[in-house]
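J.: Next up is a structure, given as structure tokens.
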Amino acid sequence: MLVALRAAAAADDPNDLTRIVEELAMDWIGDRAFLRFHDSDDGTLWSAVDDKYEVDATRGLAGAALLGRELVTAPRAEQDPAYAACVDDPRGAGDERVAAMAVAAAAPDRSAHAVLIVIREAARERFDARARGRLTALGHGLSPILDRLALAAVLDAGATLEVGGEDSDPAYLYRAEALEAYRGGHSQGPVLRLASPWLGVVYRVVVGLVVATLAYLCLVDVGEYSSGPALVRLGGRTQITALTDASVVEVFVAPNDRVEAGQQLVRLHDVDDAADSERLEREFELQLRNLLRDPGDVAAQRAVTTLRAERERTAWRLREHLIRAPAAGVIRDVRARPGQALAAGEVLLTIASEQTQPHVLALLPGDDRPRIEVGMPLVFEIDGYRDADRALRVDHVYEDVVGPSEALRVLGPEVADDMSITGPVVLVRAALPSEDFESKAARFRYHDGMRGRAEIQVRTTSVLEALIPSLEEI
């Protein structure tokens, strides 16, 4: 329809306009169509393509449409008293369905330029709301086109008159400059400018994008995460420490050696204690013989009692200097070396059991403690292995929120030196499914103390609330 109306708007000849409009009405609405122009001076209807057609404008359904400036329909032509075959459908049999639409001017006087008559055969359906809407739309589209033709006719008539005539002369309706410009044939541009159909498509696309964006902001949820440093701990490990200040004399094991319970591991400096032990042993035997010769000798009894206590203390010191394995296992980390000076509590070596239980120990912000529960998913990312993220499950959450110093004490002195913690934290543990991990098509073993980052999704919120946090209070 838009293409046909563009062609009609460009037509300056009533014959071309009639042909375009009648073809459009037949394709779009009915089986036959007639565009009849209205001459308000003599009150007649005439056709631009049929010289013999000139009838009274007050007769027929066309006259009724002109009189009321409206759309008039007849479900069966011969049954409508206003129907006149010579006016409405000269080629009709009388049983057709007829619709007549007055095309009024867009000017304030609303004078009628023409009437558009559309015919449907009796076998077709009546003019329903859709057909009447199409006919009305076509009439509204013709209105400015016919206004332009009427204006051109008046200008043509005025251009032939001599400028400067009487006041009743029609030429005085227009300025002399306007008539001169019209005689020069300057293009006045199209009266009707119809928007491109792409404008509607773009409008719908923009509206759809706005609606989709609003729906995304309101309906899609994003997660809020609690994150912090984490490290790998290998379960089933026992750290062997020095009980007293001493120096290392000899180390009997090496990493990856298997040991049994009670097996000697490290010997610390014990020369003085060994000499004291031998001396006390000789003195104890001497006083014991004296006591056996004279059981009533009080001095011998006191000496035996004193020497026995000293001998036990010396034996205990000797045992402290000879470090033995408390249980069977595998030596994993040997830190002691011959000649090394040790302080009480320093780690000598580590013994791991045959079945290790690797896990991740994460230090998360203490403010998130109420929202962290056992069973929540935890993502662990190992430093230096960005493609080796592990999805784990929290299996234990420490009850209390602790300060940095207490958290470092729990982690152990071996990691406390280079780990920085600011503010209170809660310790969260998650078991690792295996003792190794894969990165770039290669497999690597976990080692105790490996660092990384851990994060837990503690809650979800909409994208809009994440962008505008104040909306959460509404």
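Starting from 1 in every chain, residues are counted up; chains themselves are A, B, ... following the order of the structure tokens, and ligands are numbered from 1 as listed.
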Please, which residues of stretch 186-407 of chain A, numbered as in this document, come out strand (DSSP E or B) from DSSP, as a ChimeraX atom specification?

T.: /A:221-241,246-251,258-259,264-268,322-324,329-334,341-342,347-365,377-382,385-397,402

J.: Could the residues in this selection be saved with C-alpha atoms as a short mmCIF file (atom, residue, chain, number, x, y, z; two decimals), in the first residue's frame?

T.:
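Contents of the output file result_22.cif:
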```cif
data_model
loop_
_atom_site.label_atom_id
_atom_site.label_comp_id
_atom_site.auth_asym_id
_atom_site.auth_seq_id
_atom_site.Cartn_x
_atom_site.Cartn_y
_atom_site.Cartn_z
CA ASP A 221 20.86 -12.71 39.62
CA VAL A 222 24.56 -12.22 40.26
CA GLY A 223 26.54 -13.72 43.11
CA GLU A 224 28.25 -11.98 46.00
CA TYR A 225 31.43 -13.79 47.02
CA SER A 226 33.57 -14.03 50.13
CA SER A 227 37.20 -14.55 49.17
CA GLY A 228 40.57 -14.72 50.88
CA PRO A 229 43.94 -16.47 50.94
CA ALA A 230 44.09 -20.23 51.26
CA LEU A 231 46.74 -22.94 51.47
CA VAL A 232 47.00 -26.69 51.02
CA ARG A 233 47.44 -28.85 54.10
CA LEU A 234 48.26 -32.53 53.85
CA GLY A 235 46.53 -34.45 56.63
CA GLY A 236 48.13 -37.34 58.53
CA ARG A 237 51.42 -35.46 59.01
CA THR A 238 53.33 -35.32 62.29
CA GLN A 239 55.95 -32.68 62.92
CA ILE A 240 58.90 -33.75 65.11
CA THR A 241 60.23 -30.85 67.19
CA ALA A 246 70.54 -28.30 71.61
CA SER A 247 72.62 -28.88 68.52
CA VAL A 248 72.22 -31.62 65.93
CA VAL A 249 74.84 -34.35 66.03
CA GLU A 250 73.51 -36.83 63.47
CA VAL A 251 70.47 -37.33 61.19
CA ARG A 258 59.92 -45.34 55.46
CA VAL A 259 60.30 -45.60 59.24
CA GLN A 264 65.89 -43.42 65.62
CA LEU A 265 65.60 -40.24 63.55
CA VAL A 266 67.93 -37.55 64.93
CA ARG A 267 70.57 -37.47 67.68
CA LEU A 268 71.25 -34.21 69.42
CA LEU A 322 67.68 -39.06 70.82
CA ILE A 323 64.64 -38.37 68.64
CA ARG A 324 62.61 -41.45 67.66
CA GLY A 329 55.22 -43.46 58.18
CA VAL A 330 57.24 -41.79 55.43
CA ILE A 331 59.74 -39.01 55.98
CA ARG A 332 58.52 -35.99 53.98
CA ASP A 333 60.50 -32.99 55.15
CA VAL A 334 63.92 -33.06 56.86
CA ALA A 341 71.83 -25.15 66.65
CA LEU A 342 68.22 -25.64 67.65
CA VAL A 347 60.75 -28.49 63.66
CA LEU A 348 63.30 -31.22 62.90
CA LEU A 349 61.39 -33.22 60.29
CA THR A 350 57.90 -34.33 59.24
CA ILE A 351 56.47 -37.85 59.12
CA ALA A 352 53.48 -38.51 56.89
CA SER A 353 51.19 -41.51 57.23
CA GLU A 354 50.56 -43.84 54.31
CA GLN A 355 47.03 -42.45 53.78
CA THR A 356 47.19 -38.67 53.53
CA GLN A 357 44.10 -36.47 53.70
CA PRO A 358 44.84 -33.29 51.71
CA HIS A 359 42.55 -30.33 52.31
CA VAL A 360 42.34 -26.61 51.75
CA LEU A 361 42.35 -24.20 54.68
CA ALA A 362 40.91 -20.80 53.68
CA LEU A 363 40.99 -17.54 55.64
CA LEU A 364 37.84 -15.58 54.76
CA PRO A 365 36.65 -12.22 56.10
CA PRO A 377 30.61 -24.77 47.29
CA LEU A 378 34.17 -23.41 47.48
CA VAL A 379 36.39 -22.62 44.50
CA PHE A 380 40.14 -22.94 45.08
CA GLU A 381 42.61 -21.40 42.65
CA ILE A 382 46.27 -22.39 43.08
CA TYR A 385 48.22 -22.64 37.99
CA ARG A 386 45.34 -20.52 36.68
CA ASP A 387 43.80 -23.41 34.79
CA ALA A 388 43.71 -25.75 37.78
CA ASP A 389 40.72 -24.38 39.69
CA ARG A 390 39.07 -26.94 41.94
CA ALA A 391 35.39 -26.91 42.89
CA LEU A 392 35.17 -28.19 46.47
CA ARG A 393 32.64 -28.43 49.30
CA VAL A 394 33.08 -26.87 52.73
CA ASP A 395 33.32 -29.69 55.30
CA HIS A 396 34.18 -27.67 58.39
CA VAL A 397 33.79 -24.06 59.51
CA VAL A 402 39.87 -14.86 65.21
#
```

J.: Please produce, as CSV, a per-residue contact table for stretch 88-118 of chain A versus stretch 50-60 of chain A (criterion: any atom at most 12 Å away, only C-alpha atoms considered), showing the nearest atom pair and its distance in Å to one decimal, sorted by chain then residue number.

T.:
```
residue,atom,partner,partner_atom,distance
A:Asp88,CA,A:Gly60,CA,6.1
A:Asp89,CA,A:Gly60,CA,9.6
A:Pro90,CA,A:Tyr53,CA,9.5
A:Val98,CA,A:Gly60,CA,10.7
A:Ala99,CA,A:Gly60,CA,11.1
A:Ala100,CA,A:Gly60,CA,9.6
A:Ala102,CA,A:Ala57,CA,11.4
A:Ala112,CA,A:Ala57,CA,10.7
A:His113,CA,A:Ala57,CA,11.5
A:Ala114,CA,A:Ala57,CA,10.0
A:Val115,CA,A:Ala57,CA,9.7
A:Ile117,CA,A:Gly60,CA,10.8
```

J.: Between A:Ala77, A:Val205, A:Ala25, A:Val428, which has the minimum distance to A:Arg132 (counting only C-alpha atoms)?

T.: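 Closest to A:Arg132, using only C-alpha atoms: A:Ala25.
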
J.: State, in Å with one decimal place, the distance from atom CA of A:Gly384 to atom CA of A:Gly452.

T.: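 Taking atom CA of A:Gly384 as the start and atom CA of A:Gly452 as the end point, the length is 8.5 Å.
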
J.: Select from stretch 359-429 of chain A everything DSSP, run on the backbone, classes as alpha helix (DSSP H), then give the selection as a PDB file with all heavy atoms, in the first residue's frame.

T.:
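Once written, out_38.pdb looks like this:
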```
ATOM      1  N   PRO A 404      44.372 -11.812  63.391  1.00  0.00           N
ATOM      2  CA  PRO A 404      45.485 -12.265  62.537  1.00  0.00           C
ATOM      3  C   PRO A 404      46.500 -13.127  63.288  1.00  0.00           C
ATOM      4  O   PRO A 404      46.955 -14.150  62.751  1.00  0.00           O
ATOM      5  CB  PRO A 404      46.106 -10.952  62.049  1.00  0.00           C
ATOM      6  CG  PRO A 404      45.002  -9.953  62.140  1.00  0.00           C
ATOM      7  CD  PRO A 404      44.190 -10.352  63.326  1.00  0.00           C
ATOM      8  N   SER A 405      46.887 -12.738  64.507  1.00  0.00           N
ATOM      9  CA  SER A 405      47.919 -13.503  65.221  1.00  0.00           C
ATOM     10  C   SER A 405      47.435 -14.909  65.565  1.00  0.00           C
ATOM     11  O   SER A 405      48.190 -15.889  65.431  1.00  0.00           O
ATOM     12  CB  SER A 405      48.322 -12.760  66.490  1.00  0.00           C
ATOM     13  OG  SER A 405      47.188 -12.559  67.339  1.00  0.00           O
ATOM     14  N   GLU A 406      46.203 -15.042  65.996  1.00  0.00           N
ATOM     15  CA  GLU A 406      45.683 -16.365  66.326  1.00  0.00           C
ATOM     16  C   GLU A 406      45.545 -17.221  65.067  1.00  0.00           C
ATOM     17  O   GLU A 406      45.814 -18.426  65.088  1.00  0.00           O
ATOM     18  CB  GLU A 406      44.332 -16.223  67.026  1.00  0.00           C
ATOM     19  CG  GLU A 406      43.665 -17.549  67.395  1.00  0.00           C
ATOM     20  CD  GLU A 406      44.461 -18.344  68.406  1.00  0.00           C
ATOM     21  OE1 GLU A 406      45.356 -17.764  69.066  1.00  0.00           O
ATOM     22  OE2 GLU A 406      44.203 -19.551  68.540  1.00  0.00           O
ATOM     23  N   ALA A 407      45.134 -16.607  63.967  1.00  0.00           N
ATOM     24  CA  ALA A 407      45.022 -17.364  62.717  1.00  0.00           C
ATOM     25  C   ALA A 407      46.382 -17.886  62.273  1.00  0.00           C
ATOM     26  O   ALA A 407      46.502 -19.044  61.838  1.00  0.00           O
ATOM     27  CB  ALA A 407      44.405 -16.483  61.629  1.00  0.00           C
ATOM     28  N   LEU A 408      47.428 -17.066  62.394  1.00  0.00           N
ATOM     29  CA  LEU A 408      48.768 -17.515  62.026  1.00  0.00           C
ATOM     30  C   LEU A 408      49.263 -18.608  62.954  1.00  0.00           C
ATOM     31  O   LEU A 408      49.999 -19.504  62.525  1.00  0.00           O
ATOM     32  CB  LEU A 408      49.728 -16.325  62.034  1.00  0.00           C
ATOM     33  CG  LEU A 408      49.477 -15.247  60.960  1.00  0.00           C
ATOM     34  CD1 LEU A 408      50.436 -14.084  61.144  1.00  0.00           C
ATOM     35  CD2 LEU A 408      49.621 -15.835  59.555  1.00  0.00           C
ATOM     36  N   ARG A 409      48.874 -18.545  64.207  1.00  0.00           N
ATOM     37  CA  ARG A 409      49.277 -19.610  65.131  1.00  0.00           C
ATOM     38  C   ARG A 409      48.662 -20.939  64.737  1.00  0.00           C
ATOM     39  O   ARG A 409      49.300 -21.992  64.821  1.00  0.00           O
ATOM     40  CB  ARG A 409      48.856 -19.242  66.546  1.00  0.00           C
ATOM     41  CG  ARG A 409      49.404 -20.189  67.618  1.00  0.00           C
ATOM     42  CD  ARG A 409      48.770 -19.920  68.955  1.00  0.00           C
ATOM     43  NE  ARG A 409      47.352 -20.265  68.925  1.00  0.00           N
ATOM     44  CZ  ARG A 409      46.881 -21.510  69.045  1.00  0.00           C
ATOM     45  NH1 ARG A 409      47.707 -22.523  69.185  1.00  0.00           N
ATOM     46  NH2 ARG A 409      45.584 -21.728  69.010  1.00  0.00           N
ATOM     47  N   VAL A 410      47.381 -20.896  64.299  1.00  0.00           N
ATOM     48  CA  VAL A 410      46.713 -22.125  63.862  1.00  0.00           C
ATOM     49  C   VAL A 410      47.383 -22.680  62.609  1.00  0.00           C
ATOM     50  O   VAL A 410      47.555 -23.895  62.455  1.00  0.00           O
ATOM     51  CB  VAL A 410      45.220 -21.863  63.616  1.00  0.00           C
ATOM     52  CG1 VAL A 410      44.542 -23.093  63.024  1.00  0.00           C
ATOM     53  CG2 VAL A 410      44.534 -21.458  64.919  1.00  0.00           C
ATOM     54  N   LEU A 411      47.810 -21.796  61.714  1.00  0.00           N
ATOM     55  CA  LEU A 411      48.437 -22.259  60.474  1.00  0.00           C
ATOM     56  C   LEU A 411      49.811 -22.869  60.730  1.00  0.00           C
ATOM     57  O   LEU A 411      50.244 -23.737  59.985  1.00  0.00           O
ATOM     58  CB  LEU A 411      48.549 -21.104  59.484  1.00  0.00           C
ATOM     59  CG  LEU A 411      47.233 -20.508  58.982  1.00  0.00           C
ATOM     60  CD1 LEU A 411      47.505 -19.357  58.028  1.00  0.00           C
ATOM     61  CD2 LEU A 411      46.380 -21.568  58.292  1.00  0.00           C
ATOM     62  N   PRO A 413      54.055 -22.104  62.402  1.00  0.00           N
ATOM     63  CA  PRO A 413      55.158 -21.158  62.184  1.00  0.00           C
ATOM     64  C   PRO A 413      55.771 -21.247  60.793  1.00  0.00           C
ATOM     65  O   PRO A 413      56.391 -20.294  60.335  1.00  0.00           O
ATOM     66  CB  PRO A 413      56.172 -21.546  63.267  1.00  0.00           C
ATOM     67  CG  PRO A 413      55.865 -22.990  63.580  1.00  0.00           C
ATOM     68  CD  PRO A 413      54.383 -23.134  63.423  1.00  0.00           C
ATOM     69  N   GLU A 414      55.620 -22.383  60.128  1.00  0.00           N
ATOM     70  CA  GLU A 414      56.258 -22.533  58.822  1.00  0.00           C
ATOM     71  C   GLU A 414      55.625 -21.675  57.739  1.00  0.00           C
ATOM     72  O   GLU A 414      56.235 -21.457  56.682  1.00  0.00           O
ATOM     73  CB  GLU A 414      56.246 -24.005  58.386  1.00  0.00           C
ATOM     74  CG  GLU A 414      54.858 -24.583  58.114  1.00  0.00           C
ATOM     75  CD  GLU A 414      54.210 -25.120  59.379  1.00  0.00           C
ATOM     76  OE1 GLU A 414      54.734 -24.849  60.488  1.00  0.00           O
ATOM     77  OE2 GLU A 414      53.190 -25.826  59.249  1.00  0.00           O
ATOM     78  N   VAL A 415      54.400 -21.180  57.948  1.00  0.00           N
ATOM     79  CA  VAL A 415      53.749 -20.344  56.948  1.00  0.00           C
ATOM     80  C   VAL A 415      53.456 -18.955  57.480  1.00  0.00           C
ATOM     81  O   VAL A 415      52.991 -18.088  56.738  1.00  0.00           O
ATOM     82  CB  VAL A 415      52.440 -20.991  56.454  1.00  0.00           C
ATOM     83  CG1 VAL A 415      52.708 -22.310  55.781  1.00  0.00           C
ATOM     84  CG2 VAL A 415      51.448 -21.153  57.601  1.00  0.00           C
ATOM     85  N   ALA A 416      53.702 -18.729  58.752  1.00  0.00           N
ATOM     86  CA  ALA A 416      53.332 -17.453  59.359  1.00  0.00           C
ATOM     87  C   ALA A 416      54.253 -16.321  58.944  1.00  0.00           C
ATOM     88  O   ALA A 416      53.864 -15.151  59.009  1.00  0.00           O
ATOM     89  CB  ALA A 416      53.316 -17.582  60.883  1.00  0.00           C
TER      90      ALA A 416
END
```

J.: Pick out the residues sitting within 7 Å of stretch 280-290 of chain A, and hand them over as a ChimeraX atom specification; count only C-alpha atoms, and ignore anything fewer than 4 positions along from it in its own chain.

T.: /A:276,294,300,303-304,307-308,311

J.: Measuring between only C-alpha atoms, which one of A:Ser420, A:Ser470, A:Thr460, A:Gln79 shows the shortest distance to A:Arg371?

T.: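 So, comparing all the options, the nearest one is A:Thr460.
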
J.: Could you jot down the atom CA of A:Arg369 to atom CA of A:Val425 separation for me, Å, one decimal place?

T.: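 Calculated distance between atom CA of A:Arg369 and atom CA of A:Val425 is 8.4 Å.
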
J.: Can you work out the spacing between atom CA of A:Val103 and atom CA of A:Asp80 in Å, to one decimal?

T.: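 Separation of atom CA of A:Val103 and atom CA of A:Asp80: 21.8 Å.
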